[in-house]
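Chemist: Handing you a structure now.
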Amino acid sequence: EASPAAPEGQLQLGTVHIPKGVKADGKPLAAGTYQVRLTADTASQDAKGQTKSLERWAEFVRGGKVAGREVVTIVPQADIAKVQKDTPPKPNSSKVETLKGGDYVRIWINKGGNHYLMHLPV
């Protein structure tokens, strides 16, 4: 069974609430609620021998303006258990968590048979 391909072009991933200020692509991103939009921009070339995943840029949009952007790792549903041990969010939903140690906020969006993961330094 083939895993779903990453979507082409832009895709609205949903709305997330970031509970505290973080850094996105090295720049400050204020706490608040954002629309997350996958862009068509690829972040890096695939490294040989890694689990099949894709890296693209995602944008955080508030009030119609892009407030920040960050690399998002796209993991097919079939591979998510190899990548993350935590319970994934339900389909077409997301979760935002501060990870152990408090250094990163993880944004995890489950949409259309793929998981979208971002780790933002606090």
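Naming works like this for the structure tokens: A, B, ... for the chains as they're shown, residue 1 at the start of each chain, ligands 1 onward in shown order.
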Can you list, as an mmCIF file with N, CA, C and O atoms, in the first residue's frame, every protein, DNA or RNA residue that comes within 10 Å of A:Pro121 when you count only C-alpha atoms, leaving out same-chain residues fewer than 2 positions away?
Modeler:
```cif
data_model
loop_
_atom_site.group_PDB
_atom_site.id
_atom_site.type_symbol
_atom_site.label_atom_id
_atom_site.label_comp_id
_atom_site.auth_asym_id
_atom_site.auth_seq_id
_atom_site.Cartn_x
_atom_site.Cartn_y
_atom_site.Cartn_z
ATOM 1 N N GLY A 21 5.480 33.146 23.603
ATOM 2 C CA GLY A 21 6.342 33.600 22.527
ATOM 3 C C GLY A 21 7.397 32.558 22.188
ATOM 4 O O GLY A 21 7.975 31.933 23.087
ATOM 5 N N VAL A 22 7.622 32.344 20.914
ATOM 6 C CA VAL A 22 8.603 31.370 20.427
ATOM 7 C C VAL A 22 9.418 32.025 19.320
ATOM 8 O O VAL A 22 9.171 33.172 18.958
ATOM 9 N N LYS A 23 10.359 31.270 18.783
ATOM 10 C CA LYS A 23 11.091 31.726 17.607
ATOM 11 C C LYS A 23 10.682 30.861 16.418
ATOM 12 O O LYS A 23 10.622 29.642 16.525
ATOM 13 N N ALA A 24 10.406 31.502 15.297
ATOM 14 C CA ALA A 24 10.101 30.808 14.053
ATOM 15 C C ALA A 24 11.124 31.280 13.032
ATOM 16 O O ALA A 24 11.228 32.486 12.788
ATOM 17 N N ASP A 25 11.902 30.360 12.494
ATOM 18 C CA ASP A 25 12.980 30.694 11.560
ATOM 19 C C ASP A 25 13.919 31.742 12.170
ATOM 20 O O ASP A 25 14.384 32.654 11.501
ATOM 21 N N GLY A 26 14.171 31.594 13.483
ATOM 22 C CA GLY A 26 15.103 32.472 14.175
ATOM 23 C C GLY A 26 14.566 33.838 14.553
ATOM 24 O O GLY A 26 15.277 34.635 15.153
ATOM 25 N N PRO A 28 11.367 36.276 16.351
ATOM 26 C CA PRO A 28 10.316 36.152 17.368
ATOM 27 C C PRO A 28 8.926 35.994 16.749
ATOM 28 O O PRO A 28 8.601 36.645 15.760
ATOM 29 N N THR A 98 4.335 22.159 24.969
ATOM 30 C CA THR A 98 5.702 22.462 25.376
ATOM 31 C C THR A 98 6.366 21.132 25.711
ATOM 32 O O THR A 98 5.825 20.342 26.483
ATOM 33 N N GLY A 102 11.098 22.247 28.481
ATOM 34 C CA GLY A 102 10.552 23.573 28.218
ATOM 35 C C GLY A 102 11.271 24.391 27.158
ATOM 36 O O GLY A 102 11.020 25.577 27.019
ATOM 37 N N ASP A 103 12.181 23.754 26.400
ATOM 38 C CA ASP A 103 12.966 24.511 25.422
ATOM 39 C C ASP A 103 12.255 24.685 24.079
ATOM 40 O O ASP A 103 12.618 25.560 23.301
ATOM 41 N N TYR A 104 11.297 23.817 23.789
ATOM 42 C CA TYR A 104 10.627 23.837 22.487
ATOM 43 C C TYR A 104 9.123 23.705 22.661
ATOM 44 O O TYR A 104 8.643 23.024 23.559
ATOM 45 N N VAL A 105 8.408 24.348 21.748
ATOM 46 C CA VAL A 105 6.973 24.122 21.591
ATOM 47 C C VAL A 105 6.801 23.322 20.310
ATOM 48 O O VAL A 105 7.308 23.707 19.256
ATOM 49 N N ARG A 106 6.135 22.173 20.420
ATOM 50 C CA ARG A 106 5.873 21.345 19.244
ATOM 51 C C ARG A 106 4.458 21.605 18.746
ATOM 52 O O ARG A 106 3.507 21.569 19.513
ATOM 53 N N MET A 118 6.287 20.716 13.665
ATOM 54 C CA MET A 118 7.211 21.849 13.777
ATOM 55 C C MET A 118 7.669 21.940 15.210
ATOM 56 O O MET A 118 6.881 21.701 16.135
ATOM 57 N N HIS A 119 8.934 22.264 15.394
ATOM 58 C CA HIS A 119 9.503 22.469 16.726
ATOM 59 C C HIS A 119 10.054 23.883 16.802
ATOM 60 O O HIS A 119 10.989 24.221 16.088
#
```
Chemist: Would you give me, as a PyMOL selection string, the residues in stretch 11-90 of chain A that DSSP reads as strand (DSSP E or B)?
Modeler: chain A and resi 11-18+22-24+27-29+32-42+54-62+65-76
Chemist: Please measure the separation of atom CA of A:Gln77 and atom CA of A:Ile107, giving the value in Å to one decimal.
Modeler: 16.2 Å
Chemist: Using only C-alpha atoms, find the one residue out of A:Phe60, A:Leu54, A:Asp79, A:Arg69 that sits nearest to A:His17.
Modeler: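 Using only C-alpha atoms, A:His17 sits closest to A:Phe60.
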Chemist: One number please: atom CA of A:Lys82 to atom CA of A:Asp41, in Å, one decimal.
Modeler: 25.2 Å
Chemist: Give me the residues near A:Lys65 as a ChimeraX atom specification, where near means some atom within 12 Å (using only C-alpha atoms) and where sequence neighbours in that chain fewer than 4 positions away do not count.
Modeler: /A:34-37,59-61,69
Chemist: As a list in words, please: the residues near A:Lys95 (cut-off 12 Å, only C-alpha atoms, same-chain neighbours under 5 positions excluded).
Modeler: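 In the requested form, the answer reads Gly14, Thr15, Val16, His17, Ile18, Pro19, Asp86, Thr87, Pro88, Pro89, Lys90, Val105, Arg106, Ile107, Trp108, Ile109, Asn110, Lys111, His115, Tyr116, Leu117 and Met118 of chain A.
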Chemist: Using DSSP secondary structure from the backbone, list all alpha helix (DSSP H) positions within chain A, as an MDAnalysis selection string.
Modeler: chainID A and resid 80:83
Chemist: Suppose you want the space between atom CA of A:Ile74 and atom CA of A:Arg56; what is it in Å?
Modeler: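 Rounded to one decimal, the two atoms are 7.7 Å apart.
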Chemist: Identify, on the basis of only C-alpha atoms, every residue whose closest approach to A:Thr39 does not exceed 10 Å; exclude the query and any residue fewer than 3 positions from it along the same chain; express the result as a PDB file with C-alpha atoms, in the first residue's frame.
Modeler:
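Saved as out.pdb:
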```
ATOM      1  CA  PRO A   7       0.330  17.789  -1.086  1.00  0.00           C
ATOM      2  CA  GLU A   8       1.431  19.976  -3.958  1.00  0.00           C
ATOM      3  CA  GLY A   9       1.504  23.725  -3.572  1.00  0.00           C
ATOM      4  CA  GLN A  10      -0.144  25.634  -0.760  1.00  0.00           C
ATOM      5  CA  LEU A  11      -2.448  23.995   1.758  1.00  0.00           C
ATOM      6  CA  GLN A  12      -4.282  25.435   4.746  1.00  0.00           C
ATOM      7  CA  VAL A  36      -0.921  27.655   9.531  1.00  0.00           C
ATOM      8  CA  THR A  42      10.939  22.876  -0.106  1.00  0.00           C
ATOM      9  CA  ARG A  56       8.664  22.313   3.486  1.00  0.00           C
ATOM     10  CA  TRP A  57       8.140  25.826   4.761  1.00  0.00           C
ATOM     11  CA  ALA A  58       4.940  26.670   6.604  1.00  0.00           C
ATOM     12  CA  GLU A  59       3.696  30.171   7.325  1.00  0.00           C
ATOM     13  CA  ARG A  69       7.539  30.888   9.001  1.00  0.00           C
ATOM     14  CA  VAL A  71      10.263  24.355   8.498  1.00  0.00           C
ATOM     15  CA  VAL A  72       7.582  21.692   8.793  1.00  0.00           C
TER      16      VAL A  72
END
```
Chemist: Go through A:Gly64, A:Val122, A:Ala43, A:Leu99 and flag the residue nearest A:Ala30, using only C-alpha atoms for the distances.
Modeler: A:Val122
Chemist: For A:Asn114, please output as a list in words all residues within 10 Å (counting only C-alpha atoms; exclusion window: fewer than 6 positions along the same chain).
Modeler: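 Contacts, with the query itself left out: Ser3, Pro4, Ala5, Ala6, Pro7, Thr73, Ile74, Val75, Pro76, Gln77, Ala78, Asp79, Ile80, Pro91 and Asn92 of chain A.
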Chemist: Just write the chosen residues, N, CA and C atoms, as a compact mmCIF listing (two decimals), in the first residue's frame.
Modeler:
```txt
# COMPACT_ATOMS: atom_id res chain seq x y z
N SER A 3 1.93 5.07 0.60
CA SER A 3 1.53 6.11 1.53
C SER A 3 1.17 7.35 0.72
N PRO A 4 0.31 8.19 1.28
CA PRO A 4 -0.11 9.37 0.52
C PRO A 4 1.07 10.29 0.27
N ALA A 5 1.07 10.90 -0.87
CA ALA A 5 2.13 11.84 -1.22
C ALA A 5 1.88 13.15 -0.48
N ALA A 6 2.93 13.90 -0.30
CA ALA A 6 2.76 15.23 0.28
C ALA A 6 1.97 16.08 -0.71
N PRO A 7 1.13 16.96 -0.19
CA PRO A 7 0.33 17.79 -1.09
C PRO A 7 1.21 18.73 -1.91
N THR A 73 8.06 19.33 9.03
CA THR A 73 8.36 17.98 8.56
C THR A 73 7.03 17.27 8.31
N ILE A 74 6.89 16.72 7.10
CA ILE A 74 5.67 16.02 6.71
C ILE A 74 5.93 14.53 6.81
N VAL A 75 5.13 13.86 7.63
CA VAL A 75 5.31 12.42 7.86
C VAL A 75 4.01 11.71 7.49
N PRO A 76 4.07 10.74 6.56
CA PRO A 76 2.86 9.99 6.22
C PRO A 76 2.32 9.22 7.42
N GLN A 77 1.00 9.04 7.46
CA GLN A 77 0.35 8.30 8.54
C GLN A 77 1.03 6.96 8.80
N ALA A 78 1.42 6.25 7.75
CA ALA A 78 2.01 4.92 7.90
C ALA A 78 3.34 4.95 8.65
N ASP A 79 4.03 6.10 8.64
CA ASP A 79 5.36 6.19 9.25
C ASP A 79 5.38 6.92 10.59
N ILE A 80 4.23 7.46 11.04
CA ILE A 80 4.27 8.35 12.20
C ILE A 80 4.73 7.64 13.47
N PRO A 91 -7.51 13.03 13.37
CA PRO A 91 -7.48 13.58 12.01
C PRO A 91 -8.14 14.95 11.95
N ASN A 92 -7.55 15.82 11.14
CA ASN A 92 -8.03 17.19 10.94
C ASN A 92 -8.07 17.99 12.24
```
Chemist: Which of these residues is nearest to A:Lys27, using only C-alpha atoms: A:Gly68, A:Glu55, A:Gly112, A:Arg62?
Modeler: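 Selected residue with least distance to A:Lys27: A:Gly68.
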